[in-house]
>>> print(open('input.txt').read())   # compact mmCIF, N, CA and C atoms
# COMPACT_ATOMS: atom_id res chain seq x y z
N MET C 2 -42.57 21.30 56.03
CA MET C 2 -42.32 21.08 54.63
C MET C 2 -40.91 21.52 54.25
N SER C 3 -40.37 22.49 54.93
CA SER C 3 -39.03 22.94 54.60
C SER C 3 -38.14 22.84 55.81
N GLY C 4 -36.85 22.79 55.52
CA GLY C 4 -35.88 22.78 56.60
C GLY C 4 -35.73 24.17 57.16
N ARG C 5 -34.77 24.32 58.06
CA ARG C 5 -34.56 25.62 58.69
C ARG C 5 -34.19 26.69 57.67
N ASP C 6 -33.48 26.28 56.63
CA ASP C 6 -33.04 27.26 55.64
C ASP C 6 -33.97 27.38 54.45
N GLY C 7 -35.10 26.64 54.45
CA GLY C 7 -36.07 26.72 53.36
C GLY C 7 -35.60 26.01 52.10
N SER C 8 -34.62 25.11 52.21
CA SER C 8 -34.02 24.49 51.03
C SER C 8 -35.00 23.62 50.26
N SER C 9 -35.91 22.91 50.94
CA SER C 9 -36.84 22.05 50.20
C SER C 9 -37.86 22.88 49.43
N VAL C 10 -38.21 24.05 49.95
CA VAL C 10 -39.12 24.93 49.21
C VAL C 10 -38.39 25.46 47.98
N ASP C 11 -37.12 25.85 48.13
CA ASP C 11 -36.34 26.32 47.00
C ASP C 11 -36.19 25.22 45.96
N MET C 12 -35.99 23.99 46.39
CA MET C 12 -35.83 22.87 45.47
C MET C 12 -37.14 22.63 44.72
N GLU C 13 -38.26 22.76 45.40
CA GLU C 13 -39.55 22.57 44.75
C GLU C 13 -39.77 23.64 43.68
N VAL C 14 -39.43 24.88 43.99
CA VAL C 14 -39.55 25.97 43.03
C VAL C 14 -38.65 25.70 41.83
N LEU C 15 -37.42 25.28 42.10
CA LEU C 15 -36.48 24.99 41.02
C LEU C 15 -37.00 23.86 40.13
N LEU C 16 -37.51 22.80 40.74
CA LEU C 16 -38.04 21.68 39.97
C LEU C 16 -39.25 22.10 39.13
N ASN C 17 -40.10 22.95 39.70
CA ASN C 17 -41.25 23.45 38.95
C ASN C 17 -40.81 24.29 37.75
N GLU C 18 -39.76 25.11 37.94
CA GLU C 18 -39.26 25.92 36.83
C GLU C 18 -38.65 25.03 35.75
N ILE C 19 -37.90 24.02 36.16
CA ILE C 19 -37.31 23.10 35.18
C ILE C 19 -38.41 22.39 34.40
N GLU C 20 -39.43 21.92 35.11
CA GLU C 20 -40.54 21.24 34.44
C GLU C 20 -41.23 22.18 33.45
N GLY C 21 -41.42 23.43 33.86
CA GLY C 21 -42.03 24.41 32.97
C GLY C 21 -41.21 24.61 31.70
N HIS C 22 -39.90 24.73 31.86
CA HIS C 22 -39.03 24.91 30.68
C HIS C 22 -39.08 23.67 29.78
N LEU C 23 -39.12 22.50 30.37
CA LEU C 23 -39.20 21.27 29.57
C LEU C 23 -40.53 21.19 28.82
N LEU C 24 -41.61 21.60 29.48
CA LEU C 24 -42.92 21.59 28.81
C LEU C 24 -42.95 22.57 27.65
N VAL C 25 -42.40 23.76 27.85
CA VAL C 25 -42.37 24.76 26.78
C VAL C 25 -41.50 24.27 25.63
N ASP C 26 -40.36 23.68 25.95
CA ASP C 26 -39.48 23.17 24.91
C ASP C 26 -40.17 22.06 24.11
N ALA C 27 -40.88 21.17 24.80
CA ALA C 27 -41.62 20.11 24.11
C ALA C 27 -42.72 20.69 23.23
N ALA C 28 -43.40 21.71 23.73
CA ALA C 28 -44.46 22.35 22.94
C ALA C 28 -43.87 23.02 21.71
N ARG C 29 -42.72 23.65 21.86
CA ARG C 29 -42.06 24.27 20.69
C ARG C 29 -41.71 23.22 19.65
N ALA C 30 -41.18 22.09 20.10
CA ALA C 30 -40.82 21.01 19.17
C ALA C 30 -42.08 20.49 18.46
N GLU C 31 -43.15 20.31 19.22
CA GLU C 31 -44.42 19.86 18.62
C GLU C 31 -44.91 20.88 17.60
N ALA C 32 -44.81 22.16 17.94
CA ALA C 32 -45.27 23.22 17.05
C ALA C 32 -44.46 23.23 15.75
N ARG C 33 -43.15 23.12 15.88
CA ARG C 33 -42.30 23.11 14.68
C ARG C 33 -42.60 21.90 13.81
N THR C 34 -42.77 20.74 14.44
CA THR C 34 -43.06 19.52 13.70
C THR C 34 -44.40 19.62 12.98
N ALA C 35 -45.42 20.08 13.70
CA ALA C 35 -46.74 20.20 13.08
C ALA C 35 -46.72 21.21 11.94
N ALA C 36 -46.04 22.32 12.13
CA ALA C 36 -45.96 23.35 11.08
C ALA C 36 -45.20 22.83 9.87
N ALA C 37 -44.10 22.12 10.11
CA ALA C 37 -43.31 21.58 9.00
C ALA C 37 -44.12 20.55 8.22
N GLU C 38 -44.85 19.69 8.92
CA GLU C 38 -45.67 18.68 8.24
C GLU C 38 -46.75 19.35 7.40
N LEU C 39 -47.36 20.39 7.94
CA LEU C 39 -48.43 21.06 7.20
C LEU C 39 -47.89 21.79 5.97
N THR C 40 -46.80 22.50 6.14
CA THR C 40 -46.28 23.29 5.02
C THR C 40 -45.56 22.42 3.98
N ALA C 41 -45.16 21.21 4.35
CA ALA C 41 -44.49 20.34 3.38
C ALA C 41 -45.42 20.00 2.22
N GLY C 42 -46.69 19.94 2.47
CA GLY C 42 -47.65 19.61 1.41
C GLY C 42 -48.07 20.82 0.58
N LEU C 43 -47.54 21.95 0.89
CA LEU C 43 -47.90 23.16 0.15
C LEU C 43 -46.79 23.49 -0.86
N GLY C 44 -46.71 22.67 -1.89
CA GLY C 44 -45.65 22.80 -2.88
C GLY C 44 -45.69 24.10 -3.67
N TRP C 45 -46.80 24.76 -3.73
CA TRP C 45 -46.93 26.00 -4.50
C TRP C 45 -46.29 27.19 -3.80
N LEU C 46 -45.90 27.01 -2.53
CA LEU C 46 -45.22 28.10 -1.81
C LEU C 46 -43.73 28.08 -2.10
N THR C 47 -43.13 29.25 -2.11
CA THR C 47 -41.68 29.30 -2.21
C THR C 47 -41.10 28.86 -0.86
N GLU C 48 -39.81 28.58 -0.85
CA GLU C 48 -39.17 28.14 0.40
C GLU C 48 -39.31 29.21 1.48
N HIS C 49 -39.12 30.47 1.11
CA HIS C 49 -39.25 31.57 2.08
C HIS C 49 -40.68 31.66 2.61
N GLN C 50 -41.66 31.54 1.70
CA GLN C 50 -43.06 31.58 2.12
C GLN C 50 -43.39 30.40 3.03
N ARG C 51 -42.88 29.23 2.68
CA ARG C 51 -43.11 28.05 3.49
C ARG C 51 -42.54 28.24 4.90
N GLU C 52 -41.35 28.79 5.00
CA GLU C 52 -40.74 29.05 6.30
C GLU C 52 -41.55 30.06 7.10
N GLU C 53 -42.05 31.10 6.42
CA GLU C 53 -42.85 32.12 7.10
C GLU C 53 -44.17 31.53 7.60
N VAL C 54 -44.83 30.73 6.78
CA VAL C 54 -46.08 30.08 7.19
C VAL C 54 -45.81 29.13 8.36
N ALA C 55 -44.74 28.38 8.28
CA ALA C 55 -44.39 27.45 9.36
C ALA C 55 -44.11 28.22 10.65
N ARG C 56 -43.40 29.34 10.54
CA ARG C 56 -43.10 30.14 11.73
C ARG C 56 -44.38 30.67 12.36
N ARG C 57 -45.29 31.17 11.53
CA ARG C 57 -46.55 31.71 12.06
C ARG C 57 -47.42 30.61 12.67
N LEU C 58 -47.46 29.46 12.02
CA LEU C 58 -48.22 28.33 12.57
C LEU C 58 -47.65 27.89 13.92
N ALA C 59 -46.34 27.84 14.01
CA ALA C 59 -45.71 27.45 15.27
C ALA C 59 -46.02 28.46 16.37
N GLU C 60 -45.98 29.74 16.04
CA GLU C 60 -46.33 30.77 17.02
C GLU C 60 -47.77 30.62 17.50
N ARG C 61 -48.67 30.37 16.57
CA ARG C 61 -50.08 30.21 16.91
C ARG C 61 -50.30 28.97 17.77
N TYR C 62 -49.61 27.90 17.42
CA TYR C 62 -49.69 26.65 18.19
C TYR C 62 -49.25 26.90 19.63
N LEU C 63 -48.14 27.62 19.80
CA LEU C 63 -47.65 27.92 21.15
C LEU C 63 -48.63 28.82 21.90
N ALA C 64 -49.21 29.78 21.21
CA ALA C 64 -50.18 30.67 21.87
C ALA C 64 -51.40 29.87 22.34
N LEU C 65 -51.87 28.96 21.50
CA LEU C 65 -53.00 28.12 21.89
C LEU C 65 -52.63 27.20 23.06
N SER C 66 -51.44 26.66 23.03
CA SER C 66 -50.98 25.80 24.12
C SER C 66 -50.91 26.60 25.42
N ARG C 67 -50.36 27.79 25.36
CA ARG C 67 -50.25 28.64 26.55
C ARG C 67 -51.64 28.96 27.12
N ALA C 68 -52.57 29.30 26.24
CA ALA C 68 -53.93 29.61 26.69
C ALA C 68 -54.57 28.39 27.34
N SER C 69 -54.34 27.22 26.76
CA SER C 69 -54.88 25.99 27.33
C SER C 69 -54.29 25.72 28.70
N TRP C 70 -52.99 25.89 28.83
CA TRP C 70 -52.33 25.68 30.13
C TRP C 70 -52.85 26.66 31.17
N GLN C 71 -53.07 27.89 30.76
CA GLN C 71 -53.57 28.90 31.71
C GLN C 71 -54.98 28.56 32.16
N ARG C 72 -55.83 28.11 31.23
CA ARG C 72 -57.19 27.69 31.60
C ARG C 72 -57.14 26.52 32.56
N THR C 73 -56.27 25.56 32.27
CA THR C 73 -56.14 24.39 33.14
C THR C 73 -55.67 24.79 34.52
N ALA C 74 -54.68 25.68 34.59
CA ALA C 74 -54.17 26.13 35.89
C ALA C 74 -55.25 26.88 36.66
N ARG C 75 -55.99 27.74 35.97
CA ARG C 75 -57.07 28.49 36.61
C ARG C 75 -58.13 27.55 37.16
N ARG C 76 -58.49 26.55 36.38
CA ARG C 76 -59.50 25.58 36.83
C ARG C 76 -58.98 24.78 38.01
N GLY C 77 -57.71 24.43 37.98
CA GLY C 77 -57.11 23.73 39.11
C GLY C 77 -57.17 24.56 40.38
N GLU C 78 -56.91 25.85 40.26
CA GLU C 78 -57.01 26.74 41.42
C GLU C 78 -58.45 26.82 41.94
N GLU C 79 -59.40 26.88 41.02
CA GLU C 79 -60.82 26.91 41.42
C GLU C 79 -61.19 25.63 42.17
N LEU C 80 -60.78 24.50 41.61
CA LEU C 80 -61.09 23.21 42.25
C LEU C 80 -60.42 23.10 43.61
N ARG C 81 -59.20 23.59 43.71
CA ARG C 81 -58.50 23.55 44.99
C ARG C 81 -59.24 24.39 46.03
N ALA C 82 -59.69 25.58 45.63
CA ALA C 82 -60.42 26.44 46.56
C ALA C 82 -61.72 25.77 47.00
N GLN C 83 -62.43 25.14 46.05
CA GLN C 83 -63.65 24.43 46.40
C GLN C 83 -63.37 23.27 47.35
N TYR C 84 -62.31 22.53 47.07
CA TYR C 84 -61.95 21.41 47.92
C TYR C 84 -61.60 21.89 49.32
N GLU C 85 -60.80 22.95 49.41
CA GLU C 85 -60.40 23.45 50.72
C GLU C 85 -61.60 23.94 51.53
N THR C 86 -62.55 24.60 50.86
CA THR C 86 -63.76 25.07 51.53
C THR C 86 -64.57 23.88 52.05
N ARG C 87 -64.75 22.89 51.19
CA ARG C 87 -65.51 21.71 51.58
C ARG C 87 -64.81 20.96 52.72
N TYR C 88 -63.50 20.83 52.65
CA TYR C 88 -62.74 20.15 53.69
C TYR C 88 -62.89 20.87 55.02
N ARG C 89 -62.80 22.19 54.99
CA ARG C 89 -62.97 22.99 56.21
C ARG C 89 -64.36 22.78 56.81
N GLN C 90 -65.39 22.76 55.97
CA GLN C 90 -66.75 22.53 56.44
C GLN C 90 -66.89 21.15 57.08
N LEU C 91 -66.34 20.15 56.42
CA LEU C 91 -66.43 18.79 56.97
C LEU C 91 -65.66 18.66 58.29
N ARG C 92 -64.52 19.30 58.35
CA ARG C 92 -63.73 19.26 59.58
C ARG C 92 -64.47 19.94 60.73
N GLN C 93 -65.13 21.07 60.44
CA GLN C 93 -65.92 21.76 61.47
C GLN C 93 -67.10 20.91 61.91
N ARG C 94 -67.75 20.26 60.96
CA ARG C 94 -68.88 19.40 61.29
C ARG C 94 -68.43 18.23 62.15
N LEU C 95 -67.32 17.62 61.79
CA LEU C 95 -66.79 16.51 62.57
C LEU C 95 -66.44 16.95 63.99
N LEU C 96 -65.81 18.10 64.11
CA LEU C 96 -65.48 18.63 65.44
C LEU C 96 -66.75 18.85 66.26
N GLY C 97 -67.80 19.37 65.63
CA GLY C 97 -69.07 19.56 66.33
C GLY C 97 -69.63 18.25 66.84
N TRP C 98 -69.60 17.22 65.99
CA TRP C 98 -70.11 15.92 66.41
C TRP C 98 -69.27 15.31 67.53
N VAL C 99 -67.96 15.47 67.45
CA VAL C 99 -67.08 14.95 68.51
C VAL C 99 -67.37 15.67 69.82
N LEU C 100 -67.50 16.98 69.78
CA LEU C 100 -67.81 17.73 71.00
C LEU C 100 -69.17 17.33 71.57
N LEU C 101 -70.16 17.14 70.70
CA LEU C 101 -71.47 16.70 71.15
C LEU C 101 -71.37 15.30 71.79
N GLY C 102 -70.62 14.41 71.16
CA GLY C 102 -70.44 13.07 71.72
C GLY C 102 -69.76 13.12 73.08
N CYS C 103 -68.75 13.96 73.20
CA CYS C 103 -68.06 14.09 74.49
C CYS C 103 -69.00 14.65 75.56
N ALA C 104 -69.81 15.64 75.18
CA ALA C 104 -70.76 16.22 76.13
C ALA C 104 -71.78 15.17 76.57
N LEU C 105 -72.28 14.39 75.62
CA LEU C 105 -73.24 13.33 75.96
C LEU C 105 -72.60 12.27 76.86
N ALA C 106 -71.37 11.90 76.56
CA ALA C 106 -70.68 10.91 77.38
C ALA C 106 -70.45 11.45 78.79
N PHE C 107 -70.04 12.70 78.88
CA PHE C 107 -69.81 13.32 80.18
C PHE C 107 -71.13 13.40 80.97
N GLY C 108 -72.19 13.78 80.26
CA GLY C 108 -73.51 13.85 80.91
C GLY C 108 -73.95 12.48 81.40
N THR C 109 -73.72 11.45 80.59
CA THR C 109 -74.09 10.09 80.98
C THR C 109 -73.30 9.65 82.22
N VAL C 110 -72.03 9.96 82.24
CA VAL C 110 -71.20 9.61 83.40
C VAL C 110 -71.71 10.34 84.64
N LEU C 111 -72.04 11.61 84.52
CA LEU C 111 -72.55 12.37 85.68
C LEU C 111 -73.87 11.79 86.18
N VAL C 112 -74.76 11.42 85.23
CA VAL C 112 -76.05 10.84 85.64
C VAL C 112 -75.81 9.50 86.33
N ALA C 113 -74.92 8.69 85.79
CA ALA C 113 -74.63 7.39 86.38
C ALA C 113 -74.00 7.54 87.77
N LEU C 114 -73.13 8.50 87.93
CA LEU C 114 -72.52 8.72 89.24
C LEU C 114 -73.53 9.23 90.26
N SER C 115 -74.40 10.12 89.81
CA SER C 115 -75.40 10.67 90.75
C SER C 115 -76.45 9.62 91.11
N ALA C 116 -76.75 8.71 90.20
CA ALA C 116 -77.72 7.65 90.49
C ALA C 116 -77.12 6.60 91.41
N GLY C 117 -75.81 6.42 91.37
CA GLY C 117 -75.15 5.42 92.17
C GLY C 117 -75.00 5.87 93.63
N GLN C 118 -75.19 7.10 93.94
CA GLN C 118 -75.00 7.56 95.32
C GLN C 118 -76.23 7.45 96.11
>>> encode(input="input.txt", output="structure tokens")
Amino acid sequence: MSGRDGSSVDMEVLLNEIEGHLLVDAARAEARTAAAELTAGLGWLTEHQREEVARRLAERYLALSRASWQRTARRGEELRAQYETRYRQLRQRLLGWVLLGCALAFGTVLVALSAGQ
């Protein structure tokens, strides 16, 4: 997966970090937009109050997004572990069947050779 110097692994880490920053930036923009849209209809608030409510809503939106991402990542790890366990079991079962088939073939060849003499 990596070259001698590990450059492809470093590039993958870098790309993952960039993607993470882009996702957070997009979530912040969504949070600000949603908060601004919500507070725009609250005409009874002063401008300072509206800004404070928008700031708090944006913070809450980001916290909820972060929690959702963490749950998704945790579930992905669980599914990966389940998949790897199942894959290992299937691979062991296949190896067992292949070994049994080879043993049967070898036994058949030995019986055929001994009957031919």
>>> atom_distance(input="input.txt", atom1="atom CA of Arg29 of chain C", atom2="atom CA of His49 of chain C")
20.2 Å
>>> atom_distance(input="input.txt", atom1="atom CA of Val25 of chain C", atom2="atom CA of Ser66 of chain C")
9.1 Å
>>> residues_around(input="input.txt", residues="Leu63 of chain C", least_positions_apart="2", cutoff="8 Å", atoms="all atoms listed in the file", output="tab-separated table (two decimals) with N, CA and C atoms, keeping the file's coordinate frame")
chain	number	residue	atom	x	y	z
C	28	ALA	N	-43.40	21.71	23.73
C	28	ALA	CA	-44.46	22.35	22.94
C	28	ALA	C	-43.87	23.02	21.71
C	29	ARG	N	-42.72	23.65	21.86
C	29	ARG	CA	-42.06	24.27	20.69
C	29	ARG	C	-41.71	23.22	19.65
C	31	GLU	N	-43.15	20.31	19.22
C	31	GLU	CA	-44.42	19.86	18.62
C	31	GLU	C	-44.91	20.88	17.60
C	32	ALA	N	-44.81	22.16	17.94
C	32	ALA	CA	-45.27	23.22	17.05
C	32	ALA	C	-44.46	23.23	15.75
C	33	ARG	N	-43.15	23.12	15.88
C	33	ARG	CA	-42.30	23.11	14.68
C	33	ARG	C	-42.60	21.90	13.81
C	57	ARG	N	-45.29	31.17	11.53
C	57	ARG	CA	-46.55	31.71	12.06
C	57	ARG	C	-47.42	30.61	12.67
C	58	LEU	N	-47.46	29.46	12.02
C	58	LEU	CA	-48.22	28.33	12.57
C	58	LEU	C	-47.65	27.89	13.92
C	59	ALA	N	-46.34	27.84	14.01
C	59	ALA	CA	-45.71	27.45	15.27
C	59	ALA	C	-46.02	28.46	16.37
C	60	GLU	N	-45.98	29.74	16.04
C	60	GLU	CA	-46.33	30.77	17.02
C	60	GLU	C	-47.77	30.62	17.50
C	61	ARG	N	-48.67	30.37	16.57
C	61	ARG	CA	-50.08	30.21	16.91
C	61	ARG	C	-50.30	28.97	17.77
C	65	LEU	N	-51.87	28.96	21.50
C	65	LEU	CA	-53.00	28.12	21.89
C	65	LEU	C	-52.63	27.20	23.06
C	66	SER	N	-51.44	26.66	23.03
C	66	SER	CA	-50.98	25.80	24.12
C	66	SER	C	-50.91	26.60	25.42
C	67	ARG	N	-50.36	27.79	25.36
C	67	ARG	CA	-50.25	28.64	26.55
C	67	ARG	C	-51.64	28.96	27.12
C	68	ALA	N	-52.57	29.30	26.24
C	68	ALA	CA	-53.93	29.61	26.69
C	68	ALA	C	-54.57	28.39	27.34
C	69	SER	N	-54.34	27.22	26.76
C	69	SER	CA	-54.88	25.99	27.33
C	69	SER	C	-54.29	25.72	28.70
>>> atom_distance(input="input.txt", atom1="atom C of Thr40 of chain C", atom2="atom C of Glu53 of chain C")
9.9 Å
>>> axis_aligned_box(input="input.txt", around="segment 98-116 of chain C", padding_each_side="5 Å", output="JSON")
{"center_x": -72.4, "center_y": 12.2, "center_z": 78.7, "size_x": 20.6, "size_y": 21.1, "size_z": 35.4}
